[in-house]
2 protein chains.
Amino acid sequence: VRIAVDAMGGDYAPQEIIKGAVTAAVEEKIKVVLVGKENVVRSELGKYDYPSEYIEILDAPEVIEMDEHPAKAVRKKKNSSLVVATRLVKEGRAAAIVSAGNTGAQMAAALFELGRLPGIERPGIATVFPTPSGGKVLIDSGANVDCSASNLVQFAYLGSAYASQVLGIPDPRVALLNIGTEPTKGNEAVVAAFKALEKDDNINFWGNLEGRDFFTAEADVIVCDGFVGNVVLKLTEGIVTTLFSLLREEIVKNPLRKLGGALVKPGFREIFRKLDHTEYGGAPLLGVQGISIICHGSSRAKSIYNALRYARDAVENGFLEVVMKKLQVMAK
Amino acid sequence: VRIAVDAMGGDYAPQEIIKGAVTAAVEEKIKVVLVGKENVVRSELGKYDYPSEYIEILDAPEVIEMDEHPAKAVRKKKNSSLVVATRLVKEGRAAAIVSAGNTGAQMAAALFELGRLPGIERPGIATVFPTPSGGKVLIDSGANVDCSASNLVQFAYLGSAYASQVLGIPDPRVALLNIGTEPTKGNEAVVAAFKALEKDDNINFWGNLEGRDFFTAEADVIVCDGFVGNVVLKLTEGIVTTLFSLLREEIVKNPLRKLGGALVKPGFREIFRKLDHTEYGGAPLLGVQGISIICHGSSRAKSIYNALRYARDAVENGFLEVVMKKLQVMAK
């Protein structure tokens with residue numbers, strides 16, 4: 001198994017990307033192809049003692065920046081690290097691609113180079129969302145800002161196939177994120193998607209889920225459009241960070257609290273670990289003919305390392321074949 | 001100042017609603033008109049020792065249920081507590097209405113009975129959102145699930161007028177909730193609203209705000225459609241509740257942690273107070289010709305009490321006149 005890594009994509013590229021890739025090669029013996037400007041990658045790699053049989057470099061002279069127009073950038077920069085890395089997957093020279101670069105461009109590259117799965121109009125990003133009761137799949141967490149009802153239904157199919165494969169849940173419960181539990185609630189797309197999912201025998205439909213039950217409801221897959229999903233993802237991150245920094249401020253306010261804080265700190269760490277998205281590392285783009293793992297733009301080495309482990313597991317579990325088979329069964 | 005209270009609306013009506021109203025009458029000397037089924041209200045009131053000069057009862061034999069179709073229910077049930085209470089405002093017999101009932105119906109009643117403010121196509125719910133750095137106005141937090149760019153721009157006007165009046169900020173910074181900071185990010189309505197707000201001299205436009213900066217960014221008003229706003233509101237509530245219950249679990253896991261927990265507890269309470277939405281009680285429906293305060297369906301006495309204090313302050317500050325004047329200035 002070889003995995004292509006976009007060495008130039010992300011807020012902390014190439015340093016943190018390469019550091020994460022080296023860790024994955026050393027600790028997990030994952031074979032990595034670092035795609036990027038050869039001299040930059042080589043000089044960065046020089047910092048480490050790494051097993052050369054696990055790390056290759058492939059030169060890609062261009063870089064797609066974070067603020068470039070996704071589709072235009074992909075069309076124009078055919079020799080960018082992102083496009084070259086994706087092409088490796090298409091050509092069977094890598095089993096998956098991992099990038100922390102421009103998300104829209106990663107999706108566009110996957111669409112152009114790998115193509116869609118049969119029956120899928122638009123791919124969606126599936127984020128495994130840490131919650132106290134384990135992971136939940138949120139789809140779409142940012143690929144599509146305007147969604148039709150049929151897009152939402154397809155996300156339900158993709159998310160369901162993914163949850164059964166990755167989380168090992170035989171018949172995942174699929175919920176629609178909405179502003180009320182009644183079938184009449186929501187915008188046009190959500191109301192129509194509710195009707196379709198309710199009568200779909202292939203989906204174990206849980207019903208409408210409200211924001212306040214997001215973390216506690218017994219649903220395994222949560223479906224929404226990419227605008228809402230992205231707000232949910234980032235808002236959660238923001239609240240968790242804000243709360244922990246408030247806690248930190250409060251527990252150093254006087255000597256007694258400092259003592260108390262020291263005693264409860266292991267508990268805090270435990271909670272933070274449960275909710276820490278860097279544990280998951282990356283989110284797959286579902287609905288394309290290949291494995292494309294999207295990492296947070298702010299990913300550091302630990303996230304890249306986890307994303308690479310995740311990509312390796314996905315390849316070894318025959319993830320894509322299982323999803324395709326599930327979609328075929330569902331489509332019948 | 002007399003304030004009409006929908007005694008029958010809310011998950012804990014009439015008990016908690018009436019309890020909150022009595023507290024407001026006793027502690028704040030707020031004059032309240034309890035609108036609802038007279039025998040029910042009277043028997044509930046019998047539980048309390050209250051100053052009769054501050055509490056009136058007005059019979060309304062019908063009740064709009066939480067799951068009824070808003071506009072249909074308002075048209076059909078002209079003698080419901082919600083419609084009768086709203087009519088009191090229209091007729092000048094009450095200065096504001098407070099309800100924890102069916103939100104959509106409260107909006108429909110306000111539209112039919114009170115009418116829109118000039119230049120406003122759709123009213124929006126403005127929630128003062130507790131954050132560590134003080135209150136921020138989120139508009140729309142649930143009235144409109146499908147919004148056009150011009151709806152969003154009008155929310156910016158309303159929210160701006162409200163923040164300057166209620167939060168006392170001379171020139172509120174208005175942000176658009178979005179999935180990226182670049183002007184090209186977002187769905188169609190948001191992209192068009194960005195363009196309009198950017199060149200609007202009446203709005204102190206802050207730019208696009210991402211979910212992760214929701215609590216920390218230096219924006220005073222956050223504009224979004226009601227679907228996204230409602231998800232944000234309820235998700236935040238869910239996360240804060242989940243985190244505090246996780247903390248509680250962790251700090252009783254062993255005797256040392258219990259000790260530590262006891263020492264840091266005052267700090268926790270301080271944080272919870274900062275983020276507790278019941279402190280704010282109610283959210284005004286902005287854009288209608290009258291003061292209509294929407295309370296959470298799950299409101300208990302404390303929230304109703306706070307909503308009544310808030311309604312009283314709004315009336316005494318000439319809130320509606322100020323908002324109208326601001327809108328006129330802005331429209332020029």
# chains A, B, ... in the order shown; residues from 1 in each chain; ligands from 1
$ closest_atom_pairs --of "chain A" --to "chain B" --cutoff "6 Å" --atoms "only C-alpha atoms" --output "Markdown table"
| residue | atom | partner | partner_atom | distance |
| --- | --- | --- | --- | --- |
| A:Val145 | CA | B:Asn187 | CA | 5.1 |
| A:Asp146 | CA | B:Asn187 | CA | 5.9 |
| A:Asn187 | CA | B:Val145 | CA | 5.1 |
| A:Gly211 | CA | B:Leu235 | CA | 4.0 |
| A:Arg212 | CA | B:Gly238 | CA | 4.0 |
| A:Val231 | CA | B:Gly211 | CA | 5.0 |
| A:Lys234 | CA | B:Arg212 | CA | 4.4 |
| A:Leu235 | CA | B:Gly211 | CA | 4.0 |
| A:Glu237 | CA | B:Arg212 | CA | 5.8 |
| A:Gly238 | CA | B:Arg212 | CA | 4.0 |
| A:Glu250 | CA | B:Gly267 | CA | 5.1 |
| A:Arg257 | CA | B:Val264 | CA | 5.2 |
| A:Gly260 | CA | B:Gly260 | CA | 3.5 |
| A:Leu263 | CA | B:Gly260 | CA | 5.0 |
| A:Val264 | CA | B:Arg257 | CA | 5.2 |
| A:Gly267 | CA | B:Glu250 | CA | 5.1 |
$ write_last_selection --atoms "N, CA, C and O atoms" --output "PDB file, in the first residue's frame"
ATOM      1  N   VAL A 145     -22.469  23.774  -0.805  1.00  0.00           N
ATOM      2  CA  VAL A 145     -23.161  24.789  -0.020  1.00  0.00           C
ATOM      3  C   VAL A 145     -24.644  24.917  -0.364  1.00  0.00           C
ATOM      4  O   VAL A 145     -25.424  25.387   0.443  1.00  0.00           O
ATOM      5  N   ASP A 146     -25.034  24.512  -1.553  1.00  0.00           N
ATOM      6  CA  ASP A 146     -26.456  24.507  -1.906  1.00  0.00           C
ATOM      7  C   ASP A 146     -26.832  23.078  -2.261  1.00  0.00           C
ATOM      8  O   ASP A 146     -26.282  22.517  -3.210  1.00  0.00           O
ATOM      9  N   ASN A 187     -36.251  23.678   5.770  1.00  0.00           N
ATOM     10  CA  ASN A 187     -36.359  24.318   4.462  1.00  0.00           C
ATOM     11  C   ASN A 187     -36.855  23.305   3.424  1.00  0.00           C
ATOM     12  O   ASN A 187     -37.031  22.128   3.728  1.00  0.00           O
ATOM     13  N   GLY A 211     -30.301  20.493  16.807  1.00  0.00           N
ATOM     14  CA  GLY A 211     -28.941  20.812  17.253  1.00  0.00           C
ATOM     15  C   GLY A 211     -28.664  20.439  18.702  1.00  0.00           C
ATOM     16  O   GLY A 211     -27.585  19.969  19.036  1.00  0.00           O
ATOM     17  N   ARG A 212     -29.649  20.613  19.561  1.00  0.00           N
ATOM     18  CA  ARG A 212     -29.355  20.386  20.982  1.00  0.00           C
ATOM     19  C   ARG A 212     -29.140  18.898  21.294  1.00  0.00           C
ATOM     20  O   ARG A 212     -28.550  18.568  22.315  1.00  0.00           O
ATOM     21  N   VAL A 231     -20.603  24.856   9.303  1.00  0.00           N
ATOM     22  CA  VAL A 231     -20.828  25.719  10.469  1.00  0.00           C
ATOM     23  C   VAL A 231     -20.833  24.868  11.744  1.00  0.00           C
ATOM     24  O   VAL A 231     -20.207  25.219  12.749  1.00  0.00           O
ATOM     25  N   LYS A 234     -17.161  23.717  12.631  1.00  0.00           N
ATOM     26  CA  LYS A 234     -16.289  24.780  13.129  1.00  0.00           C
ATOM     27  C   LYS A 234     -16.814  25.393  14.422  1.00  0.00           C
ATOM     28  O   LYS A 234     -16.042  25.795  15.284  1.00  0.00           O
ATOM     29  N   LEU A 235     -18.128  25.473  14.543  1.00  0.00           N
ATOM     30  CA  LEU A 235     -18.711  26.030  15.766  1.00  0.00           C
ATOM     31  C   LEU A 235     -18.363  25.135  16.952  1.00  0.00           C
ATOM     32  O   LEU A 235     -17.980  25.620  18.020  1.00  0.00           O
ATOM     33  N   GLU A 237     -15.852  23.116  17.288  1.00  0.00           N
ATOM     34  CA  GLU A 237     -14.437  23.340  17.567  1.00  0.00           C
ATOM     35  C   GLU A 237     -14.253  24.622  18.387  1.00  0.00           C
ATOM     36  O   GLU A 237     -13.531  24.637  19.386  1.00  0.00           O
ATOM     37  N   GLY A 238     -14.947  25.678  17.940  1.00  0.00           N
ATOM     38  CA  GLY A 238     -14.831  26.969  18.621  1.00  0.00           C
ATOM     39  C   GLY A 238     -15.337  26.916  20.054  1.00  0.00           C
ATOM     40  O   GLY A 238     -14.707  27.445  20.971  1.00  0.00           O
ATOM     41  N   GLU A 250     -10.292  29.964  34.970  1.00  0.00           N
ATOM     42  CA  GLU A 250     -10.952  29.899  36.276  1.00  0.00           C
ATOM     43  C   GLU A 250     -10.132  29.120  37.294  1.00  0.00           C
ATOM     44  O   GLU A 250     -10.139  29.440  38.473  1.00  0.00           O
ATOM     45  N   ARG A 257      -8.042  27.094  44.133  1.00  0.00           N
ATOM     46  CA  ARG A 257      -8.514  26.604  42.836  1.00  0.00           C
ATOM     47  C   ARG A 257      -7.391  25.936  42.057  1.00  0.00           C
ATOM     48  O   ARG A 257      -7.600  24.975  41.340  1.00  0.00           O
ATOM     49  N   GLY A 260      -7.251  22.558  43.361  1.00  0.00           N
ATOM     50  CA  GLY A 260      -8.389  21.811  42.824  1.00  0.00           C
ATOM     51  C   GLY A 260      -8.183  21.486  41.357  1.00  0.00           C
ATOM     52  O   GLY A 260      -8.437  20.371  40.906  1.00  0.00           O
ATOM     53  N   LEU A 263      -5.992  18.623  40.703  1.00  0.00           N
ATOM     54  CA  LEU A 263      -6.623  17.335  41.007  1.00  0.00           C
ATOM     55  C   LEU A 263      -7.592  16.882  39.911  1.00  0.00           C
ATOM     56  O   LEU A 263      -7.744  15.699  39.657  1.00  0.00           O
ATOM     57  N   VAL A 264      -8.281  17.841  39.280  1.00  0.00           N
ATOM     58  CA  VAL A 264      -9.275  17.435  38.275  1.00  0.00           C
ATOM     59  C   VAL A 264      -8.708  17.408  36.853  1.00  0.00           C
ATOM     60  O   VAL A 264      -9.362  16.937  35.935  1.00  0.00           O
ATOM     61  N   GLY A 267      -9.100  14.501  34.510  1.00  0.00           N
ATOM     62  CA  GLY A 267     -10.472  14.378  34.015  1.00  0.00           C
ATOM     63  C   GLY A 267     -10.712  15.279  32.815  1.00  0.00           C
ATOM     64  O   GLY A 267     -11.314  14.879  31.818  1.00  0.00           O
TER      65      GLY A 267
END
$ residues_around --residues "Glu316 of chain A" --least-positions-apart "6" --cutoff "12 Å" --atoms "only C-alpha atoms" --output "list in words"
Val1, Arg2, Ile3, Ile30, Ala95, Ala96, Gln165, Val166, Ile291, Arg309, Tyr310 and Val322 of chain A
$ residues_around --residues "Ile169 of chain B" --least-positions-apart "5" --cutoff "9 Å" --atoms "only C-alpha atoms" --output "ChimeraX atom specification"
/B:163-164,220
$ write_last_selection --atoms "N, CA and C atoms" --output "short mmCIF file (atom, residue, chain, number, x, y, z; two decimals), in the first residue's frame"
data_model
loop_
_atom_site.label_atom_id
_atom_site.label_comp_id
_atom_site.auth_asym_id
_atom_site.auth_seq_id
_atom_site.Cartn_x
_atom_site.Cartn_y
_atom_site.Cartn_z
N ALA B 163 -28.66 46.11 18.35
CA ALA B 163 -27.43 46.07 19.15
C ALA B 163 -27.09 47.45 19.69
N SER B 164 -27.32 48.47 18.87
CA SER B 164 -26.98 49.80 19.35
C SER B 164 -27.95 50.22 20.45
N ASP B 220 -20.43 42.28 16.73
CA ASP B 220 -21.53 42.45 17.69
C ASP B 220 -22.82 41.83 17.21
#
$ atom_distance --atom1 "atom CA of Ala311 of chain B" --atom2 "atom CA of Trp206 of chain B"
29.1 Å
$ select_by_dssp --residues "segment 5-195 of chain B" --states "helix (DSSP H, G or I)" --output "VMD selection string"
chain B and resid 15 to 28 38 to 45 52 to 54 70 to 76 81 to 90 103 to 114 149 to 166 188 to 195
$ residues_around --residues "segment 199-202 of chain A" --least-positions-apart "3" --cutoff "10 Å" --atoms "only C-alpha atoms" --output "list of chain:residue names"
A:Val153, A:Ala156, A:Tyr157, A:Ser160, A:Asp171, A:Phe194, A:Lys195, A:Ala196, A:Phe205, A:Lys326, A:Leu327, A:Val329, A:Met330, A:Ala331, A:Lys332
$ residues_around --residues "segment 303-307 of chain B" --least-positions-apart "5" --cutoff "10 Å" --atoms "only C-alpha atoms" --output "PyMOL selection string"
chain B and resi 5+16-25+27-28+30+97-100+277-284+293-296+298+312-313
$ closest_residue --among "B:Ala217, B:Val41, B:Met8, B:Met107" --to "Ile64 of chain B" --atoms "only C-alpha atoms"
B:Met8
$ select_by_dssp --residues "segment 4-181 of chain B" --states "strand (DSSP E or B)" --output "ChimeraX atom specification"
/B:4-6,31-36,55-59,62,80,96-99,116,124-131,134-139,173-178
$ closest_residue --among "A:Val33, A:Leu114, A:Cys224, A:Ala13" --to "Leu308 of chain A" --atoms "only C-alpha atoms"
A:Val33
$ closest_residue --among "A:Val137, A:Val26, A:Val74, A:Val40" --to "Ile55 of chain A" --atoms "only C-alpha atoms"
A:Val26
$ residues_around --residues "Ala7 of chain B" --least-positions-apart "5" --cutoff "6 Å" --atoms "only C-alpha atoms" --output "list of chain:residue names"
B:Pro14, B:Ile17, B:Leu34, B:Val35, B:Gly36
$ atom_distance --atom1 "atom CA of Leu117 of chain B" --atom2 "atom CA of Leu286 of chain B"
8.8 Å
